Structures are given as structure tokens and as C-alpha cells.
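Each remark here refers to the structure printed beneath this line.
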Amino acid sequence: MTNQQPLLEVKNVKKYFPIKSGLLKRTIGNVQAVENVSIDVYEGETLGVVGESGCGKSTFGRTVLGLEDLTDGSISFRGEEIGGLSERKLKKFKREMQMIFQDPYASLNPRQRIGDALEEAFIIHTDLSKKERVKRVKALLNEVGLKEEYYERYPHEFSGGQRQRIGIARAIALNPSFIVCDEAVSALDVSVQAQIIKLLKKLQQSHQLTYLFISHDLGVVRHVCDRVLVMYLGATAELATSDQLYKNPLHPYTKALLSAIPRPIPGRKKERIRLEGDLPNPSNYPKGCPFHTRCPLATEQCKQERPEWREVEDGHFVACHEV
Amino acid sequence: MAEAVVDNQVQKKKKDIAFFRTFRRLVKNKLAVFGLVIIVLLTIMAVFAPIIATYDPIEQDLTSAELGLGSEGHWLGTDNYGRDMWSRLVYGARVSLVVGITSVVIGLVGGVALGLLAGYYRKLDGIIMRIVDLLFAFPGILLAMLIIAMLGTSLVNVVIAISIWSIPGCARIVRGSVLSVKKQEYVLAMKSLGASNSRILLKHILPNCTAPIIVFATMRMATSILSTSALSFLGLGAQPPTAEWGAMIAAGQDFMWSAPHMTIVPGIAIMLVVFAFNVVGDGLRDALDPNMDLGK
């Protein structure tokens, strides 16, 4: 499934949002949304990113696509550096990198017909004639399982699942190689989720797509992803193949997360690891290991030193002193 | 082929429904209907003034000066020069409407442009909004008088003055809507597609800010018409013998006791029109607000 050449190399990426205050709007602090993330994404794989709300998963996805300015670090796509490029220079990469959004109701302009919305991609990036564009849009609609006649309709005439299909059509319009799915199925009900996941998988095959699949739903991630990255408070906690991670979680945070998956089998109660306290405020980033404030294993070392991101077995990375 | 045609017709119908939905909701508001009727009458008066007017509005006839209401041949009476009040009122509607529409349109163009820029580009926001605040700090009519004092008295300058005065309010409203619309995911989606800023602003943000702009424009018509009359009343706008409602009131001042209809008739006209635009604006605000449930 995975080649040796990474499609996307992310190195020490940081994204801070400055907190400004006072008359002169001086920066008095930072929200450390993404803290030193390094990861390679390989061609053709589906990399899951999991973590609780506010852990920086979405910000990470947006930063990778250049939708947020990079604070520090480097991002390279097929060997070319794209971090910190200007809007204009980034445009040619935008054909290659696309995004599917969480909320199918908010991600379509309510005053634009579906056909026009899908056409925009071609207007921006190609010089196809109107006739050809319409043809391409209709082909796209077919490809994501919608009728050609929907071209003329407005978003409010569609259901959530259909809208998400339109969002997918928009993302694949330019034949990209890398797509960030930001909670792409979270807003849908379970049966529709399954259809959309099936569609995503089908398109992955037919278009050789690489997905960065951001989700908080561990069940879906296990089903969909080849590898899974666990994030906590903007930092990477653990990275492994789906099998490794679900069978042999190493980081105490991953263990707690996995123990929270609801189990459909009655009687087979597994002990749930309960984390005490709340997520620390990312504007007041904890010293040492970001997880030490809630970690059941925390020692004095964890409070002082930030754990190293190290490979403990083949392809299994973890950031923890106690593993 | 035939199927496509049918489908097209269905679509057309649907598009119309969206427009009619707003209209239907507006019509449910009785006060707004009353306002609409007055606005329609005003428009008819203005457009067909030469047909509706029974006399030349500036033709003097000193033999029949200061005739009261209901006089023969002059149902609204005549003024101190014997000019027919009804005809002057009809032609005055023309002035009010033309000045109102032009100044609102110019004000909207300026205000929408500034509001879009201020709301979208954070760097321009500070500068533009401070200028807007500065314009806001002047009482409106004083600002208009200042501009007219610089440019000279004429109706054209009144239009310019009122337009400039309309810009800050519009800019603020548009900026507010832009701030909320630009956070929507579809704007982010367009950015991730690589759309240019102008494309995002004009095709995606502006169309989603139209509701408050329509309401503002309607309300602003009332203010503009009132201000035109006020400025003309003060002698800064329409000059005699132009038939303009504010100027008519000013002319009638000296005849308050001998010919009160000279002030009362145009006064009522101004009041009705301003009231009409205000209630229609109010009605539109409710009709365009998707969260407002007006019952069935």
C-alpha cells in the first residue's frame, strides 16, 4: 500500500495563534494550536488523525493545505517546499491538494447553484469553455453518485449526505492527489456515513488518492485508515498502523482514548480508563510532556522534560517517557 | 430533450418561489402593504407627472392666488403665486424620488465597497472604520450642510451630500455581514480551491450579504427624501421656482394663517412617504430574516 517516497513531508510544524491585547494590539501570548508535528504521508495511504476536540487536528489539516499561515517548520509536497508560500505561488499546488469539510450545510454557498459551485474549480484553474465545463461537472456529479439534473439546483434542496457528495465532487474536480477530509463524515448519520466512506474508498482507488482523514470517531478511523496519528494538545502522541495502534496502544493517552470506544457486546465490560481534569489551556502550554497534567503514569521527569518522538518498533512512534 | 425542458421549467418555478416567498411574507404585514401602496402611488406620480398634473407646476396665475382646498379646478388649492398645489406636489414627487434613488444608489456603491474591503481585509479594517467613525461623528444634516457650503447650493450637490452621508452607515452594516459570512466554510472551501480574493468577495460573500443591504437601502430612501426636503427647506437644495416639497413648505411659512394648506399639503406628503419607506423597510427586515417565523 505504501511506497517509500513520501508524498507529503511535514517537519516540526508549529502553528501559533497570537493573543493580542491592549491599545497597540501587542502580542501577549500564543495559543499553541499545533506544536511541533512531524510526519510523512505516503502516496496512496489513508492517514487518520485522531484526538479530542480542540487538540489541533483541524488546524493541522488546514496548515498543511496552506489555509493557515505556518508559524514554523517546513511542509514539502513531492519534494517541493510549500510552507510559507504566497497565495499566488501556492495556487498551482491547490490543484493537487484539496479539502472535504465537516459541515455539509455550511460548506456550500446557499446562493449558488450546485453546477456553478462545481464549475468554479475549472474556471479558476483551467481555460475550458463553458460547454466543456458543464460536461465535466456533469461527469463529476455522476461519479459521486448524483444525477446530472442536479446541476441546476440550490444546496437547500439536498440532504446532508447528498451535500457531502457535492463537497467531495468539488474536492476531486481537479484530479488532486492529496485530500484532507476534515471530519468529513462526522456530521452524517451512521448509514449515510457508511455510503460516504464507501464512496471515498472507491475514489481513492480510481483516482489514486491519498487521504489525511481527520476524525474523532475511532471506530470509523479503524475501518478507514492505514495508519493513525494520535494528537494531544497540538502535539503528536503516537503514530502506528491501524492494527498496531488498536491492538497494542503504547501512549497512556491512546489507551484512554481506545478504552472510551463504546462496545456493542453486552457483558464484555472492559475497564474504562478515566482521565481526570480538563484539557489544559493551549494558551498556557504545560511544561514538559503536554499530557502530564492528566496522565496516570506521570513522574517528575514528565513535568520537566518534553518526551522525544521516537520509534519503538517498526513504524510505531510514540512520545512518552514511560514507554 | 423534452425531459430537460420540463426540468428547466420546474427550476424556473423554484427560483421564482424564493422571490415570492419573501414577497408573501412581506404582504402579510399590513403596515408594510400600506407602505408599498404609497410607494407605488409615489412612483406612478413621479413617472407620469406630466399626465397626472393638471397645470404647469411653475406657471403663475396671480388672479387665483391662495385658493383653499377643494377650490374649483384646484382641488388642493393654489399657492401665493396662484400655482396649482396638486401639480406642484406631483412634480415634487419626481424630485424626491430621483434624489432619493440616486443618493441611495451612490451611497450604496461607496458603502458596499468600503464595507466589503473593511470586513474582508483585516489590515484595511482599522483605517476604513476610523474614517467611517469620523463621518459618523458629524450630525448628518450638518455634514450635508458643510458639503453644500463647499460645493454651492443645487439639487445635484444635495445628491452628493446625501450620498456621502449614506456611506458610513452602509459601510458599517456591510462590514458586519462580511465578518460573519467570511467565517463560513464555503468561503474557506473557495480559498482551498485557490479562488482569488475578488472572486470570493464578489461571488460568494456579497450575494450572502444582500438582505441587510436591501433593508438599509429602503430605510435610507426615507432618510434621503426627508433630508432633501430639509435642505431645500433651509434654502440649500432646490431653488425656486422648482416644485420641491421642502421648498414648498418653506414658501408656505409666511402664509401659515392665510393659506395653511401651502405648508400642510407638502408636509403630509413628506410624512406619508417617509413613513411608507420606513414600514416597508421594517417589513422587509422581518420577511428576509429566515429565523423570523411570521406564522403560516
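Convention: chains lettered A, B, ... in C-alpha cells order; per-chain residue numbering from 1; ligands numbered from 1 as shown.
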Problem set entry | Check: which chain B residues lie within 7 Å of chain A using only C-alpha atoms, as number ranges by chain | B: 184-186, 189, 192-195, 204, 207-208
How would the residues just chosen look if you wrote them out with C-alpha atoms as a short mmCIF file (atom, residue, chain, number, x, y, z; two decimals), in the first residue's frame?
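Saved as out.cif:
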data_model
loop_
_atom_site.label_atom_id
_atom_site.label_comp_id
_atom_site.auth_asym_id
_atom_site.auth_seq_id
_atom_site.Cartn_x
_atom_site.Cartn_y
_atom_site.Cartn_z
CA GLN B 184 -18.47 30.28 6.71
CA GLU B 185 -16.96 27.08 5.45
CA TYR B 186 -17.89 27.74 1.84
CA ALA B 189 -13.67 25.94 0.56
CA SER B 192 -8.74 25.93 -0.71
CA LEU B 193 -9.75 25.77 -4.36
CA GLY B 194 -7.41 28.68 -4.96
CA ALA B 195 -10.06 31.31 -5.77
CA HIS B 204 -19.54 34.35 -2.52
CA PRO B 207 -24.55 37.65 -2.53
CA ASN B 208 -24.88 36.43 1.04
#
Exercise. Any idea what's packed within 9 Å of Gly54 of chain A, counting only C-alpha atoms, ignoring anything in its chain fewer than 4 positions away? Could you give it as number ranges by chain?
Worked result: A: 33, 58, 232-234, 279, 282
I need the chosen residues saved as a PDB file, in the first residue's frame, with C-alpha atoms.
ATOM      1  CA  ALA A  33      -2.629  25.014  18.317  1.00  0.00           C
ATOM      2  CA  SER A  58      -8.305  20.585  12.023  1.00  0.00           C
ATOM      3  CA  TYR A 232      -2.953  15.656  22.105  1.00  0.00           C
ATOM      4  CA  LEU A 233      -2.968  19.393  22.676  1.00  0.00           C
ATOM      5  CA  GLY A 234      -1.435  20.116  19.287  1.00  0.00           C
ATOM      6  CA  LEU A 279      -7.652  19.667  28.575  1.00  0.00           C
ATOM      7  CA  PRO A 282      -3.290  25.733  24.913  1.00  0.00           C
TER       8      PRO A 282
END
For this session: Extract, using only C-alpha atoms, all DNA, RNA and protein residues at most 9 Å from Asp79 of chain B, discarding same-chain residues fewer than 5 positions from it, and format them as a ChimeraX atom specification.
Result: /B:64-68,84-85,248,251-252,259,261-262
Hey, can you spit out that residue selection with C-alpha atoms as a PDB file, in the first residue's frame?
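Written file, again08.pdb:
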ATOM      1  CA  SER B  64     -56.273  82.825  -8.466  1.00  0.00           C
ATOM      2  CA  ALA B  65     -53.656  83.051  -5.702  1.00  0.00           C
ATOM      3  CA  GLU B  66     -54.040  81.397  -2.306  1.00  0.00           C
ATOM      4  CA  LEU B  67     -57.138  79.416  -3.174  1.00  0.00           C
ATOM      5  CA  GLY B  68     -58.074  76.986  -0.418  1.00  0.00           C
ATOM      6  CA  ASP B  84     -51.682  74.684  -8.615  1.00  0.00           C
ATOM      7  CA  MET B  85     -50.701  72.795  -5.434  1.00  0.00           C
ATOM      8  CA  MET B 248     -42.917  74.348  -0.834  1.00  0.00           C
ATOM      9  CA  ALA B 251     -42.560  79.127   0.781  1.00  0.00           C
ATOM     10  CA  GLY B 252     -45.754  78.481   2.718  1.00  0.00           C
ATOM     11  CA  ALA B 259     -53.203  79.762   3.438  1.00  0.00           C
ATOM     12  CA  HIS B 261     -52.682  74.272   3.076  1.00  0.00           C
ATOM     13  CA  MET B 262     -49.474  75.598   1.471  1.00  0.00           C
TER      14      MET B 262
END
Problem set entry | Ile148 of chain B surroundings by only C-alpha atoms, 10 Å radius, close-in-sequence under 2 positions cut, as a VMD selection string | chain B and resid 142 to 146 150 to 162 231 236 to 237
Exercise. Which value, in Å to one decimal, gives the distance between atom CA of Tyr121 of chain B and atom CA of Val31 of chain A?
Worked result: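 Computing the Euclidean distance for atom CA of Tyr121 of chain B and atom CA of Val31 of chain A yields 22.2 Å.
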For this session: Enumerate as JSON, numbers by chain all residues of segment 149-257 of chain B assigned to helix (DSSP H, G or I) by DSSP on the backbone, naming them with the chain letters and numbers the document uses.
Result: {"B": [149, 150, 151, 155, 156, 157, 158, 159, 160, 161, 162, 163, 164, 165, 166, 167, 168, 169, 170, 171, 172, 173, 174, 175, 176, 177, 178, 179, 180, 181, 185, 186, 187, 188, 189, 190, 191, 192, 193, 197, 198, 199, 200, 201, 202, 203, 204, 205, 206, 207, 208, 209, 210, 211, 212, 213, 214, 215, 216, 217, 218, 219, 220, 221, 222, 223, 224, 225, 226, 227, 228, 229, 230, 231, 232, 233, 245, 246, 247, 248, 249, 250, 251, 252, 253, 254, 255]}
Problem set entry | All strand (DSSP E or B) positions in segment 78-152 of chain A, as a list in words |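 Written out, the strand (DSSP E or B) residues of segment 78-152 of chain A are Glu80, Glu81, Met97, Gln98, Met99 and Ile100 of chain A.
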Requested write-out: C-alpha atoms of the selected residues, as a short mmCIF file (atom, residue, chain, number, x, y, z; two decimals), in the first residue's frame:
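Result went into out.cif, see below:
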data_model
loop_
_atom_site.label_atom_id
_atom_site.label_comp_id
_atom_site.auth_asym_id
_atom_site.auth_seq_id
_atom_site.Cartn_x
_atom_site.Cartn_y
_atom_site.Cartn_z
CA GLU A 80 8.90 20.84 -3.12
CA GLU A 81 8.68 23.17 -0.15
CA MET A 97 -4.29 19.29 -2.58
CA GLN A 98 -7.91 19.61 -1.68
CA MET A 99 -10.18 19.50 1.31
CA ILE A 100 -13.52 17.98 2.25
#
Exercise. What lies within 7 Å of Val37 of chain A using only C-alpha atoms, ignoring chain neighbours under 2 positions off, as a VMD selection string?
Worked result: chain A and resid 11 to 14 34 to 35 39 235 to 236
Any chance you can output those residues with C-alpha atoms as a compact mmCIF listing (two decimals), in the first residue's frame?
# COMPACT_ATOMS: atom_id res chain seq x y z
CA LYS A 11 8.68 18.65 9.64
CA ASN A 12 8.48 20.36 13.02
CA VAL A 13 5.36 22.23 12.04
CA LYS A 14 4.10 24.77 14.53
CA VAL A 34 -0.11 22.80 16.56
CA GLU A 35 3.07 22.09 18.47
CA ILE A 39 5.06 13.22 9.90
CA ALA A 235 1.41 17.65 19.73
CA THR A 236 1.85 14.16 18.35
For this session: Quick one: everything within 10 Å of Ala256 of chain A, counting only C-alpha atoms, minus sequence neighbours fewer than 6 positions away in the same chain. Send it as a PyMOL selection string.
Result: chain A and resi 249+272-275+295-296
Residues of segment 20-52 of chain B at most 9 Å from segment 96-109 of chain B: nearest atom pair and distance in Å, only C-alpha atoms, as a tab-separated table:
residue	atom	partner	partner_atom	distance
B:Leu42	CA	B:Leu97	CA	8.0
B:Thr43	CA	B:Leu97	CA	7.5
B:Ala46	CA	B:Leu97	CA	7.2
Exercise. Which residue, B:Leu89, B:Leu226, B:Ile264, B:Ile200, has the smallest gap to Tyr55 of chain B when you use only C-alpha atoms?
Worked result: B:Leu89
For this session: Determine the nearest neighbour of Gly35 of chain B from the options B:Ala113, B:Cys209, B:Val273, B:Val95, counting only C-alpha atoms.
Result: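 Among the listed residues, B:Val273 lies closest to Gly35 of chain B.
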Problem set entry | Which of A:Pro286, A:Gly48, A:Pro264, A:Pro6 sits closest to Gly61 of chain A [using only C-alpha atoms] |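 That would be A:Gly48, the residue with the smallest distance to Gly61 of chain A.
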Exercise. When you draw a straight line from atom CA of Leu250 of chain A to atom CA of Gln301 of chain A, how long is it in Å?
Worked result: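 Calculated distance between atom CA of Leu250 of chain A and atom CA of Gln301 of chain A is 18.0 Å.
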Exercise. Could you pull the residues within 10 Å of Asn284 of chain A, counting only C-alpha atoms, minus those fewer than 6 positions along the same chain, as a VMD selection string?
Worked result: chain A and resid 29 to 32
